[in-house]
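Visitor: File follows, coords.cif with mmCIF, C-alpha atoms and all ligand atoms:
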data_structure
#
loop_
_atom_site.label_atom_id
_atom_site.label_comp_id
_atom_site.auth_asym_id
_atom_site.auth_seq_id
_atom_site.Cartn_x
_atom_site.Cartn_y
_atom_site.Cartn_z
CA MET I 1 0.00 0.00 0.00
CA GLN I 2 1.33 3.44 -0.88
CA SER I 3 1.43 6.26 1.68
CA TRP I 4 -1.50 8.10 0.13
CA GLN I 5 -3.62 4.97 0.13
CA ARG I 6 -2.90 4.54 3.82
CA GLN I 7 -3.75 8.21 4.49
CA LEU I 8 -7.02 7.71 2.69
CA SER I 9 -7.93 4.48 4.45
CA ASP I 10 -7.05 6.12 7.80
CA SER I 11 -9.65 8.83 7.18
CA VAL I 12 -11.91 10.02 9.95
CA VAL I 13 -15.45 9.15 8.82
CA LYS I 14 -17.32 9.05 12.14
CA VAL I 15 -18.38 11.74 14.59
CA GLU I 16 -16.89 9.65 17.43
CA ASP I 17 -13.45 10.00 15.87
CA LEU I 18 -13.46 13.76 15.37
CA PRO I 19 -10.89 15.58 17.48
CA PHE I 20 -11.49 19.23 18.47
CA VAL I 21 -15.25 18.97 18.71
CA SER I 22 -16.43 20.96 21.66
CA GLY I 23 -19.97 20.68 22.92
CA ASP I 24 -21.72 18.02 24.93
CA GLU I 25 -23.04 14.58 24.12
CA GLN I 26 -26.27 16.09 22.82
CA TYR I 27 -24.34 18.16 20.31
CA ARG I 28 -22.44 15.12 19.12
CA GLU I 29 -25.71 13.23 18.71
CA LYS I 30 -26.92 16.01 16.42
CA LEU I 31 -23.71 15.82 14.45
CA LYS I 32 -24.33 12.12 13.93
CA LYS I 33 -27.63 13.06 12.28
CA VAL I 34 -25.77 15.49 10.03
CA ALA I 35 -23.26 12.81 9.09
CA GLU I 36 -26.06 10.42 8.15
CA ILE I 37 -27.18 12.92 5.51
CA PHE I 38 -23.82 14.34 4.51
CA PRO I 39 -20.93 11.91 5.08
CA ILE I 40 -17.64 12.86 6.72
CA ARG I 41 -14.19 12.24 5.30
CA ILE I 42 -10.97 13.74 6.58
CA ASN I 43 -7.89 11.87 5.42
CA SER I 44 -4.99 11.56 7.84
CA TYR I 45 -2.63 13.82 5.86
CA PHE I 46 -5.18 16.65 5.94
CA LEU I 47 -6.00 16.06 9.60
CA LYS I 48 -2.30 16.36 10.44
CA GLN I 49 -2.29 19.92 9.07
CA VAL I 50 -5.11 21.00 11.40
CA LYS I 51 -3.98 22.87 14.49
CA SER I 52 -7.16 23.66 16.39
CA GLU I 53 -10.91 23.85 16.10
CA HIS I 54 -10.55 27.41 14.77
CA ASP I 55 -8.30 26.25 11.96
CA PRO I 56 -9.49 27.35 8.50
CA LEU I 57 -8.69 23.86 7.20
CA TRP I 58 -10.76 22.24 9.91
CA LYS I 59 -13.78 24.44 9.22
CA GLN I 60 -13.90 23.12 5.66
CA VAL I 61 -14.30 19.49 6.70
CA VAL I 62 -15.91 19.34 10.14
CA PRO I 63 -19.71 18.94 10.19
CA THR I 64 -21.73 21.45 12.19
CA VAL I 65 -25.37 21.55 13.25
CA GLU I 66 -25.82 24.56 10.98
CA GLU I 67 -25.97 22.10 8.09
CA LEU I 68 -29.21 20.72 9.54
CA ASP I 69 -30.55 24.22 10.25
CA ASP I 70 -29.84 25.09 6.63
CA LEU I 71 -31.70 21.98 5.48
CA LEU I 72 -34.86 23.22 7.19
CA ARG I 73 -34.73 26.56 5.44
CA SER I 74 -35.28 25.21 1.96
CA GLU I 75 -37.79 27.99 1.15
CA GLU I 76 -34.99 30.47 0.63
CA GLY I 77 -33.98 29.27 -2.81
CA LEU I 78 -31.50 26.69 -1.59
CA ASP I 79 -31.36 23.52 -3.63
CA SER I 80 -29.62 20.15 -3.51
CA ASP I 81 -28.68 20.78 -7.16
CA PRO I 82 -28.38 24.58 -7.27
CA LEU I 83 -26.76 24.68 -10.70
CA ASN I 84 -29.43 22.42 -12.16
CA GLU I 85 -26.77 20.04 -13.43
CA GLU I 86 -29.16 17.10 -13.64
CA LYS I 87 -31.17 18.99 -16.28
CA ASP I 88 -28.12 19.36 -18.52
CA MET I 89 -27.17 15.69 -18.42
CA PRO I 90 -27.91 14.12 -21.80
CA VAL I 91 -26.42 10.89 -20.43
CA PRO I 92 -25.90 10.10 -16.74
CA GLU I 93 -23.04 11.96 -15.01
CA LEU I 94 -22.05 14.13 -17.99
CA VAL I 95 -23.00 17.83 -17.94
CA HIS I 96 -23.27 19.50 -21.34
CA ARG I 97 -24.07 23.14 -20.59
CA TYR I 98 -21.75 25.17 -22.80
CA PRO I 99 -21.58 24.70 -26.57
CA ASP I 100 -18.09 23.25 -26.95
CA ARG I 101 -17.19 21.63 -23.65
CA VAL I 102 -18.53 19.10 -21.16
CA LEU I 103 -18.00 18.00 -17.59
CA LEU I 104 -17.50 14.26 -17.16
CA MET I 105 -17.81 12.71 -13.68
CA LEU I 106 -15.17 10.04 -13.15
CA ASN I 107 -16.26 8.98 -9.66
CA ASN I 108 -17.83 10.39 -6.54
CA GLN I 109 -15.08 9.88 -4.04
CA CYS I 110 -12.92 12.71 -2.71
CA PRO I 111 -9.72 12.98 -0.65
CA ILE I 112 -11.74 14.97 1.91
CA ILE I 113 -15.43 15.81 1.94
CA CYS I 114 -15.90 19.57 1.92
CA ARG I 115 -18.90 20.70 3.92
CA PHE I 116 -19.69 23.43 1.36
CA CYS I 117 -19.56 21.16 -1.69
CA THR I 118 -21.93 22.01 -4.54
CA ARG I 119 -22.31 18.31 -5.29
CA LYS I 120 -23.07 17.45 -1.67
CA ARG I 121 -25.95 15.35 -3.00
CA LYS I 122 -23.55 12.91 -4.62
CA ILE I 123 -20.20 12.97 -2.89
CA GLY I 124 -19.25 9.97 -0.82
CA PHE I 125 -22.25 7.87 -1.83
CA PRO I 126 -21.24 4.79 -3.80
CA GLY I 127 -22.82 3.55 -7.03
CA ILE I 128 -23.62 6.84 -8.76
CA VAL I 129 -20.74 6.88 -11.22
CA THR I 130 -20.18 3.44 -12.70
CA ARG I 131 -18.22 1.87 -15.54
CA GLU I 132 -21.45 2.03 -17.54
CA THR I 133 -22.07 5.78 -16.97
CA LEU I 134 -18.46 6.43 -17.95
CA ARG I 135 -18.84 4.36 -21.10
CA GLN I 136 -21.95 6.32 -22.05
CA GLY I 137 -20.21 9.64 -21.29
CA ILE I 138 -17.22 8.86 -23.49
CA GLU I 139 -19.53 7.61 -26.24
CA TYR I 140 -21.54 10.84 -26.05
CA ILE I 141 -18.38 12.92 -26.51
CA ALA I 142 -17.33 10.74 -29.46
CA GLN I 143 -20.70 11.30 -31.11
CA HIS I 144 -20.67 15.09 -30.68
CA PRO I 145 -18.04 16.71 -32.87
CA GLU I 146 -18.77 20.14 -31.35
CA ILE I 147 -17.15 19.03 -28.08
CA ARG I 148 -13.49 20.07 -28.10
CA ASP I 149 -12.85 20.32 -24.34
CA VAL I 150 -13.67 17.82 -21.60
CA ILE I 151 -13.32 18.48 -17.90
CA MET I 152 -12.76 15.35 -15.88
CA SER I 153 -14.51 15.96 -12.59
CA GLY I 154 -16.37 14.10 -9.87
CA GLY I 155 -15.75 13.55 -7.05
CA ASP I 156 -12.08 13.66 -7.69
CA PRO I 157 -10.69 12.11 -10.88
CA LEU I 158 -7.22 11.70 -9.37
CA LEU I 159 -8.55 9.14 -6.89
CA VAL I 160 -9.25 6.84 -9.82
CA PRO I 161 -6.57 4.10 -9.82
CA ASP I 162 -3.71 4.65 -12.30
CA LYS I 163 -4.69 1.83 -14.65
CA GLU I 164 -8.32 2.87 -14.87
CA LEU I 165 -7.39 6.53 -15.29
CA GLU I 166 -5.09 5.63 -18.16
CA ARG I 167 -7.84 3.57 -19.79
CA ILE I 168 -10.16 6.62 -19.66
CA LEU I 169 -7.52 9.05 -20.95
CA LYS I 170 -6.71 6.71 -23.79
CA ALA I 171 -10.36 6.35 -24.76
CA LEU I 172 -10.78 10.13 -24.73
CA ARG I 173 -7.64 10.67 -26.81
CA GLU I 174 -9.01 8.35 -29.47
CA ILE I 175 -11.72 10.94 -30.18
CA PRO I 176 -10.29 13.04 -33.01
CA HIS I 177 -12.30 16.23 -32.39
CA LEU I 178 -11.42 16.41 -28.68
CA GLU I 179 -8.71 19.05 -28.41
CA ILE I 180 -8.03 19.48 -24.72
CA ILE I 181 -8.60 17.53 -21.54
CA ARG I 182 -8.83 19.20 -18.15
CA ILE I 183 -8.67 17.67 -14.70
CA GLY I 184 -10.56 19.30 -11.83
CA THR I 185 -9.06 18.05 -8.58
CA ARG I 186 -8.52 18.75 -4.91
CA VAL I 187 -5.98 15.92 -4.55
CA PRO I 188 -2.74 17.93 -4.90
CA GLY I 189 -3.75 20.22 -2.01
CA THR I 190 -5.30 17.64 0.30
CA LEU I 191 -3.59 14.31 -0.44
CA PRO I 192 -0.37 15.38 -2.14
CA ASP I 193 1.41 12.00 -1.95
CA ARG I 194 -1.08 10.74 -4.53
CA ILE I 195 0.81 12.77 -7.15
CA THR I 196 3.36 10.02 -7.66
CA PRO I 197 6.02 9.97 -10.39
CA GLU I 198 4.14 6.98 -11.87
CA LEU I 199 0.92 9.00 -12.11
CA CYS I 200 2.79 11.87 -13.79
CA GLU I 201 4.33 9.44 -16.30
CA ILE I 202 0.82 8.45 -17.32
CA LEU I 203 -0.56 11.98 -17.47
CA LYS I 204 2.18 13.36 -19.66
CA LYS I 205 1.30 10.93 -22.43
CA TYR I 206 -2.08 12.58 -22.99
CA HIS I 207 -1.30 16.23 -23.64
CA PRO I 208 -2.67 18.84 -24.07
CA LEU I 209 -3.78 18.20 -20.51
CA TYR I 210 -4.59 20.98 -18.03
CA ALA I 211 -5.36 20.80 -14.32
CA ASN I 212 -7.42 23.10 -12.15
CA LEU I 213 -6.61 22.56 -8.51
CA HIS I 214 -8.99 23.39 -5.69
CA PHE I 215 -7.33 25.57 -3.00
CA ASN I 216 -9.09 27.75 -0.44
CA HIS I 217 -6.52 28.82 2.13
CA PRO I 218 -2.76 29.57 2.17
CA ASP I 219 -2.20 27.02 4.97
CA GLU I 220 -3.11 24.30 2.48
CA ILE I 221 0.15 24.95 0.65
CA THR I 222 2.60 22.81 2.62
CA PRO I 223 6.03 21.50 1.55
CA GLU I 224 4.35 18.23 0.48
CA VAL I 225 1.86 20.17 -1.65
CA GLU I 226 4.69 22.12 -3.23
CA VAL I 227 6.30 18.83 -4.31
CA ALA I 228 3.00 17.62 -5.78
CA CYS I 229 2.42 20.83 -7.76
CA ASN I 230 5.97 20.84 -9.06
CA ARG I 231 5.61 17.26 -10.25
CA LEU I 232 2.45 18.10 -12.18
CA ALA I 233 4.00 21.24 -13.65
CA ASP I 234 7.16 19.32 -14.59
CA ALA I 235 4.93 16.77 -16.33
CA GLY I 236 3.86 19.66 -18.53
CA LEU I 237 0.38 20.39 -17.17
CA PRO I 238 -0.49 24.08 -16.97
CA LEU I 239 -1.96 24.51 -13.48
CA GLY I 240 -4.85 26.76 -12.47
CA ALA I 241 -6.54 27.20 -9.11
CA GLN I 242 -10.22 27.33 -8.23
CA THR I 243 -11.22 28.81 -4.90
CA VAL I 244 -14.56 29.04 -3.15
CA LEU I 245 -15.19 32.17 -1.15
CA LEU I 246 -16.07 30.91 2.34
CA LYS I 247 -17.19 32.83 5.38
CA GLY I 248 -14.72 32.45 8.24
CA VAL I 249 -12.19 30.63 6.05
CA ASN I 250 -10.87 33.00 3.40
CA ASP I 251 -13.18 36.02 3.26
CA THR I 252 -10.57 38.74 3.79
CA VAL I 253 -8.26 40.57 1.42
CA GLU I 254 -5.27 39.58 3.59
CA VAL I 255 -5.92 35.83 3.47
CA MET I 256 -6.72 35.89 -0.24
CA THR I 257 -3.60 37.93 -1.04
CA GLU I 258 -1.44 35.41 0.79
CA LEU I 259 -3.20 32.53 -0.98
CA VAL I 260 -2.75 33.85 -4.52
CA LYS I 261 0.89 34.77 -3.95
CA LYS I 262 1.63 31.34 -2.50
CA LEU I 263 -0.16 29.69 -5.44
CA LEU I 264 2.08 31.44 -7.96
CA ARG I 265 5.13 30.34 -5.98
CA VAL I 266 4.06 26.70 -6.46
CA ARG I 267 3.41 27.36 -10.17
CA VAL I 268 -0.37 27.52 -9.96
CA LYS I 269 -2.21 30.42 -11.63
CA PRO I 270 -5.39 31.53 -9.83
CA TYR I 271 -8.24 30.95 -12.28
CA TYR I 272 -11.66 31.22 -10.62
CA LEU I 273 -12.86 32.61 -7.31
CA TYR I 274 -16.40 31.35 -6.82
CA GLN I 275 -19.19 33.00 -4.94
CA ALA I 276 -20.55 30.09 -2.83
CA ASP I 277 -23.41 28.22 -4.50
CA MET I 278 -26.93 28.00 -3.07
CA THR I 279 -26.49 24.38 -2.01
CA VAL I 280 -28.72 22.95 0.71
CA GLY I 281 -26.78 22.56 3.93
CA THR I 282 -24.07 25.07 3.07
CA ASP I 283 -25.77 28.44 3.58
CA HIS I 284 -23.68 29.31 6.64
CA PHE I 285 -20.60 29.51 4.40
CA ARG I 286 -22.06 32.15 2.08
CA THR I 287 -20.67 35.68 2.08
CA SER I 288 -22.24 38.74 0.49
CA VAL I 289 -21.38 39.33 -3.16
CA GLU I 290 -19.78 42.66 -2.18
CA LYS I 291 -17.17 40.69 -0.26
CA GLY I 292 -15.90 39.04 -3.42
CA LEU I 293 -15.74 42.35 -5.25
CA GLU I 294 -13.89 43.88 -2.31
CA ILE I 295 -11.34 41.06 -2.50
CA ILE I 296 -10.80 41.53 -6.23
CA ARG I 297 -10.43 45.27 -5.65
CA GLY I 298 -7.86 44.47 -2.96
CA LEU I 299 -5.85 42.30 -5.34
CA GLN I 300 -6.07 44.04 -8.70
CA GLY I 301 -3.13 46.41 -9.16
CA HIS I 302 -1.83 45.72 -5.67
CA THR I 303 -0.15 42.47 -6.67
CA SER I 304 0.82 40.64 -9.88
CA GLY I 305 -1.99 40.65 -12.40
CA MET I 306 -1.34 36.93 -12.85
CA ALA I 307 -2.36 36.39 -9.24
CA VAL I 308 -5.86 37.80 -9.70
CA PRO I 309 -8.58 35.20 -10.36
CA TYR I 310 -11.88 35.82 -12.15
CA PHE I 311 -14.60 36.31 -9.57
CA VAL I 312 -17.69 34.41 -10.74
CA ILE I 313 -21.19 33.52 -9.75
CA ASP I 314 -22.28 30.17 -11.08
CA THR I 315 -25.85 31.25 -11.64
CA PRO I 316 -28.58 29.44 -9.68
CA GLY I 317 -30.74 27.36 -12.00
CA GLY I 318 -28.00 26.56 -14.49
CA GLY I 319 -27.21 29.68 -16.52
CA GLY I 320 -23.49 29.05 -16.24
CA LYS I 321 -20.74 31.21 -14.80
CA VAL I 322 -20.93 34.98 -14.92
CA ARG I 323 -17.87 37.09 -14.22
CA LEU I 324 -18.17 40.04 -11.85
CA LEU I 325 -15.84 43.03 -11.80
CA PRO I 326 -15.59 45.86 -9.34
CA ASP I 327 -16.59 49.15 -10.99
CA SER I 328 -13.58 50.42 -12.83
CA ILE I 329 -15.71 52.34 -15.34
CA VAL I 330 -16.80 55.73 -14.02
CA GLU I 331 -18.28 57.07 -17.25
CA PHE I 332 -18.69 55.58 -20.70
CA THR I 333 -19.64 57.66 -23.75
CA ASP I 334 -18.83 57.62 -27.45
CA LYS I 335 -16.38 60.43 -26.75
CA GLU I 336 -14.41 58.95 -23.91
CA VAL I 337 -14.20 56.42 -21.13
CA VAL I 338 -13.43 57.57 -17.62
CA VAL I 339 -11.82 54.82 -15.54
CA ARG I 340 -10.73 54.43 -11.93
CA ASN I 341 -7.36 52.85 -11.12
CA PHE I 342 -6.41 50.70 -8.13
CA GLU I 343 -5.54 53.79 -6.08
CA GLY I 344 -8.98 55.29 -6.69
CA LYS I 345 -7.71 57.97 -9.10
CA THR I 346 -9.67 58.62 -12.28
CA PHE I 347 -8.27 58.82 -15.80
CA ARG I 348 -9.75 59.68 -19.20
CA TYR I 349 -9.29 57.57 -22.29
CA PRO I 350 -10.61 59.27 -25.48
CA GLN I 351 -12.37 56.99 -27.99
CA PRO I 352 -10.97 56.76 -31.53
CA LEU I 353 -12.22 59.52 -33.84
CA GLU I 354 -14.67 57.38 -35.82
CA LYS I 355 -16.50 56.57 -32.56
CA GLN I 356 -16.78 60.22 -31.53
CA PRO I 357 -20.07 62.02 -32.09
CA LYS I 358 -20.06 64.15 -35.25
CA ARG I 359 -19.27 67.62 -34.02
CA LYS I 360 -20.94 70.59 -35.58
CA THR I 361 -17.68 71.89 -36.91
CA PRO I 362 -17.78 75.68 -37.27
CA GLN I 363 -17.35 76.86 -40.85
CA PRO I 364 -13.70 77.69 -41.39
CA GLU I 365 -12.95 81.38 -41.42
CA PRO I 366 -12.18 82.62 -44.91
CA ALA I 367 -8.45 82.31 -45.14
CA ALA I 368 -6.58 85.53 -44.73
CA PRO I 369 -4.61 86.23 -47.88
CA SER I 370 -1.29 85.92 -46.09
CA SER I 371 -1.95 82.66 -44.20
CA LYS I 372 -0.14 79.52 -45.23
CA LEU I 373 -1.56 76.05 -44.73
CA CYS I 374 1.78 74.71 -43.70
CA GLU I 375 4.91 76.50 -42.74
CA LEU I 376 6.95 74.02 -44.75
CA ALA I 377 4.88 74.17 -47.91
C1 LIG Z 401 -17.41 25.53 -15.06
C2 LIG Z 401 -17.96 24.61 -16.02
C3 LIG Z 401 -17.32 24.38 -17.26
C4 LIG Z 401 -16.03 25.05 -17.63
O1 LIG Z 401 -16.14 26.43 -17.70
P1 LIG Z 401 -14.89 27.31 -18.18
O2 LIG Z 401 -15.37 28.70 -17.98
O3 LIG Z 401 -14.63 26.96 -19.60
O4 LIG Z 401 -13.72 26.96 -17.32
C5 LIG Z 401 -17.90 23.51 -18.14
N1 LIG Z 401 -19.08 22.90 -17.87
C6 LIG Z 401 -19.72 23.12 -16.71
C7 LIG Z 401 -21.01 22.42 -16.47
C8 LIG Z 401 -19.18 23.96 -15.74
O5 LIG Z 401 -19.82 24.15 -14.58
S1 LIG Z 402 -13.13 17.92 -3.22
FE1 LIG Z 402 -14.54 19.05 -4.57
S2 LIG Z 402 -16.11 17.56 -5.19
FE2 LIG Z 402 -15.04 16.73 -3.39
S3 LIG Z 402 -16.23 17.36 -1.61
FE3 LIG Z 402 -14.65 18.92 -1.93
S4 LIG Z 402 -15.63 20.48 -3.21
FE4 LIG Z 402 -16.87 18.61 -3.36
#
Go ahead and express the file in the form of structure tokens.
Ligand SMILES: *Cc1c(COP(=O)(O)O)cnc(C)c1O
Ligand code: SF4
Guide:
Amino acid sequence: MQSWQRQLSDSVVKVEDLPFVSGDEQYREKLKKVAEIFPIRINSYFLKQVKSEHDPLWKQVVPTVEELDDLLRSEEGLDSDPLNEEKDMPVPELVHRYPDRVLLMLNNQCPIICRFCTRKRKIGFPGIVTRETLRQGIEYIAQHPEIRDVIMSGGDPLLVPDKELERILKALREIPHLEIIRIGTRVPGTLPDRITPELCEILKKYHPLYANLHFNHPDEITPEVEVACNRLADAGLPLGAQTVLLKGVNDTVEVMTELVKKLLRVRVKPYYLYQADMTVGTDHFRTSVEKGLEIIRGLQGHTSGMAVPYFVIDTPGGGGKVRLLPDSIVEFTDKEVVVRNFEGKTFRYPQPLEKQPKRKTPQPEPAAPSSKLCELA
């Protein structure tokens, strides 16, 4: 057994085994109810990084009674499938929402179970993704020449055993119209030993292959994680990061600044910062939308442009991602655009002449007999 397999099999999955849980027996009994609905998984590598019950890593994985409270408030637009993914599944476990790309679920197991997960309805329950759903998904992609980009998702595709993962990659690469393959994963940041040299040897055979890694807090970037990211980057995968904005975990400019700088140091480019989805049982993690804009305002211009992710809302009901920007445009006319910079100062940018409104040009004065059009003429 490899170290990562041991860390995974040593996961905490029961309320009885949670360290750091304050509260009495009654509280723990309630947590057991929560865990019956939304399973627990904290692998032993991740648990080792947790320092106390206030730890931002701990808050992402420890169940709380608020999850049950949230369940009872379903009238507020919360949903077990807030992005309406099931409606955009032409075959089971494949989401075809955008014209040229699809999301393919490879499994529904994860290295940890995040309490705020959008796919809370599926994660950790066996038997949803099967060999048969995968076969149908790959067949669907093969039959749809408009699909040029597939995102392997789940669950976590990097928990699929090497041999099986290679079989899937190979099948996808046999589809001539498929240009790029992406991997969406939280493994490098939460179970870094899984990124073995053997895994990288497999991955590098199937380029162009990209990976978007889930990271929410700078403390997740440990020396082990740095090794994992370097291995993936050395295998030639461009690395992006996806982050969920979470109340009490990363909802300050300071924490986010540290996170994005640390990501660039381990060769990961921040890609998306997500406003938390309206998932049942996760409402207590939601921040106001202003918070996200404030964070982007705090990053843009203040640190490397490469460190600034796109702040997006994945629209409830399944309209896809929409990018939000803090107001940098003060005024916008055909004549000019007035913009505000990161220090709050305003600047004018005149539009090109053909855009400018036709001015009523005054009739030229009759030329005085002595005037010359050009001094050099
Ligand atoms: C996010 C997402 C994608 C990928 O979106 P990009 O903006 O191209 O990264 C594709 N399909 C679904 C269903 C998604 O949610
Ligand atoms: S790793 Fe991703 S899919 Fe898995 S529980 Fe966390 S957020 Fe959900």
Visitor: Between I:Ser3, I:Gln143, I:Asn43, I:Gln109, which has the minimum distance to Pro176 of chain I (counting only C-alpha atoms)?
Guide: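 Of all the options, I:Gln143 lies closest to Pro176 of chain I.
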Visitor: Extending 4 Å beyond the listed atoms of ligand LIG 401 (chain Z) on each side, what axis-aligned box results? I want centre and edge lengths in Å to one decimal, as JSON.
Guide:
{"center_x": -17.4, "center_y": 25.6, "center_z": -17.1, "size_x": 15.3, "size_y": 14.3, "size_z": 13.0}
Visitor: Find the spatial neighbours of Gly344 of chain I, counting all atoms listed in the file, within a cut-off of 10 Å - ignore same-chain residues fewer than 4 positions away - and output them as a PyMOL selection string.
Guide: chain I and resi 328+339-340
Visitor: Is it possible to get the residues within 12 Å of (-27.4, 27.5, -14.3) (coordinates as in the file, counting all atoms listed in the file) written as a list in words?
Guide: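 Here the neighbourhood of the point contains Asp81, Pro82, Leu83, Asn84, Glu85, Glu86, Lys87, Asp88, Val95, His96, Arg97, Tyr98, Asp277, Met278, Ile313, Asp314, Thr315, Pro316, Gly317, Gly318, Gly319, Gly320, Lys321 and Val322 of chain I.
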Visitor: Please check which residues have atoms at most 9 Å from (-1.5, 25.8, 4.3) in the file's coordinates, counting all atoms listed in the file, and write them as number ranges by chain.
Guide: I: 49, 57, 189, 217-222, 225, 259
Visitor: Please save C-alpha atoms of the selected residues as a PDB file, keeping the file's coordinate frame.
Guide:
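Once everything was written out, this is part.pdb:
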ATOM      1  CA  GLN I  49      -2.290  19.920   9.070  1.00  0.00           C
ATOM      2  CA  LEU I  57      -8.690  23.860   7.200  1.00  0.00           C
ATOM      3  CA  GLY I 189      -3.750  20.220  -2.010  1.00  0.00           C
ATOM      4  CA  HIS I 217      -6.520  28.820   2.130  1.00  0.00           C
ATOM      5  CA  PRO I 218      -2.760  29.570   2.170  1.00  0.00           C
ATOM      6  CA  ASP I 219      -2.200  27.020   4.970  1.00  0.00           C
ATOM      7  CA  GLU I 220      -3.110  24.300   2.480  1.00  0.00           C
ATOM      8  CA  ILE I 221       0.150  24.950   0.650  1.00  0.00           C
ATOM      9  CA  THR I 222       2.600  22.810   2.620  1.00  0.00           C
ATOM     10  CA  VAL I 225       1.860  20.170  -1.650  1.00  0.00           C
ATOM     11  CA  LEU I 259      -3.200  32.530  -0.980  1.00  0.00           C
TER      12      LEU I 259
END
Visitor: Please, which residues have at least one atom within 10 Å of an atom of ligand LIG 402 (chain Z), using only C-alpha atoms and all ligand atoms, listed as a PyMOL selection string?
Guide: chain I and resi 39-41+60-61+105+107-124+153-157+184-187+189-190+213-215+243-244
Visitor: What gap, in Å, lies between atom CA of Pro145 of chain I and atom CA of Ile175 of chain I?
Guide: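 About the pair atom CA of Pro145 of chain I and atom CA of Ile175 of chain I: they are 9.0 Å apart.
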Visitor: Using all atoms listed in the file, determine which residues lie at most 10 Å from Ala142 of chain I, disregarding the query and same-chain residues fewer than 6 positions distant; provide the list as an mmCIF file with C-alpha atoms, keeping the file's coordinate frame.
Guide:
data_model
loop_
_atom_site.group_PDB
_atom_site.id
_atom_site.type_symbol
_atom_site.label_atom_id
_atom_site.label_comp_id
_atom_site.auth_asym_id
_atom_site.auth_seq_id
_atom_site.Cartn_x
_atom_site.Cartn_y
_atom_site.Cartn_z
ATOM 1 C CA GLN I 136 -21.950 6.320 -22.050
ATOM 2 C CA ALA I 171 -10.360 6.350 -24.760
ATOM 3 C CA LEU I 172 -10.780 10.130 -24.730
ATOM 4 C CA GLU I 174 -9.010 8.350 -29.470
ATOM 5 C CA ILE I 175 -11.720 10.940 -30.180
ATOM 6 C CA PRO I 176 -10.290 13.040 -33.010
ATOM 7 C CA HIS I 177 -12.300 16.230 -32.390
ATOM 8 C CA LEU I 178 -11.420 16.410 -28.680
#
Visitor: Under the rule that all atoms listed in the file are counted, which of I:Leu94, I:Val129, I:Met1, I:Leu106 is the nearest residue to ligand LIG 401 (chain Z)?
Guide: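 When distances to ligand LIG 401 (chain Z) are compared using all atoms listed in the file, the smallest one comes from I:Leu94.
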Visitor: Within 7 Å of segment 294-308 of chain I, counting only C-alpha atoms, which residues show up once you throw out same-chain ones fewer than 5 positions away? Write them as number ranges by chain, please.
Guide: I: 252-253, 257, 260-261, 264, 269-270, 326, 342
Visitor: Emit the selected residues as a PDB file, keeping the file's coordinate frame, including C-alpha atoms.
Guide:
ATOM      1  CA  THR I 252     -10.570  38.740   3.790  1.00  0.00           C
ATOM      2  CA  VAL I 253      -8.260  40.570   1.420  1.00  0.00           C
ATOM      3  CA  THR I 257      -3.600  37.930  -1.040  1.00  0.00           C
ATOM      4  CA  VAL I 260      -2.750  33.850  -4.520  1.00  0.00           C
ATOM      5  CA  LYS I 261       0.890  34.770  -3.950  1.00  0.00           C
ATOM      6  CA  LEU I 264       2.080  31.440  -7.960  1.00  0.00           C
ATOM      7  CA  LYS I 269      -2.210  30.420 -11.630  1.00  0.00           C
ATOM      8  CA  PRO I 270      -5.390  31.530  -9.830  1.00  0.00           C
ATOM      9  CA  PRO I 326     -15.590  45.860  -9.340  1.00  0.00           C
ATOM     10  CA  PHE I 342      -6.410  50.700  -8.130  1.00  0.00           C
TER      11      PHE I 342
END
Visitor: Taking into account all atoms listed in the file, which residue in the set I:Lys33, I:Ile181, I:Phe285, I:Leu191 is nearest to Leu237 of chain I?
Guide: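 For Leu237 of chain I, the nearest of the candidates is I:Ile181.
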Visitor: Neighbours of Glu16 of chain I within 10 Å (only C-alpha atoms; same-chain residues fewer than 2 positions away dropped), as a ChimeraX atom specification?
Guide: /I:12-14,18-19,21,28-29,31-32
Visitor: Kindly output segment 320-327 of chain I as an mmCIF file, in the coordinates of the input, after building N, CA and C atoms.
Guide:
data_model
loop_
_atom_site.group_PDB
_atom_site.id
_atom_site.type_symbol
_atom_site.label_atom_id
_atom_site.label_comp_id
_atom_site.auth_asym_id
_atom_site.auth_seq_id
_atom_site.Cartn_x
_atom_site.Cartn_y
_atom_site.Cartn_z
ATOM 1 N N GLY I 320 -24.943 29.022 -16.045
ATOM 2 C CA GLY I 320 -23.490 29.050 -16.240
ATOM 3 C C GLY I 320 -22.833 30.147 -15.426
ATOM 4 N N LYS I 321 -21.518 30.267 -15.609
ATOM 5 C CA LYS I 321 -20.740 31.210 -14.800
ATOM 6 C C LYS I 321 -20.819 32.623 -15.382
ATOM 7 N N VAL I 322 -20.940 33.579 -14.505
ATOM 8 C CA VAL I 322 -20.930 34.980 -14.920
ATOM 9 C C VAL I 322 -19.843 35.686 -14.132
ATOM 10 N N ARG I 323 -19.005 36.430 -14.855
ATOM 11 C CA ARG I 323 -17.870 37.090 -14.220
ATOM 12 C C ARG I 323 -18.272 38.452 -13.681
ATOM 13 N N LEU I 324 -17.860 38.745 -12.462
ATOM 14 C CA LEU I 324 -18.170 40.040 -11.850
ATOM 15 C C LEU I 324 -16.892 40.843 -11.653
ATOM 16 N N LEU I 325 -17.002 42.148 -11.957
ATOM 17 C CA LEU I 325 -15.840 43.030 -11.800
ATOM 18 C C LEU I 325 -16.222 44.205 -10.923
ATOM 19 N N PRO I 326 -15.294 44.641 -10.078
ATOM 20 C CA PRO I 326 -15.590 45.860 -9.340
ATOM 21 C C PRO I 326 -15.659 47.021 -10.332
ATOM 22 N N ASP I 327 -16.424 48.059 -10.024
ATOM 23 C CA ASP I 327 -16.590 49.150 -10.990
ATOM 24 C C ASP I 327 -15.278 49.842 -11.257
#
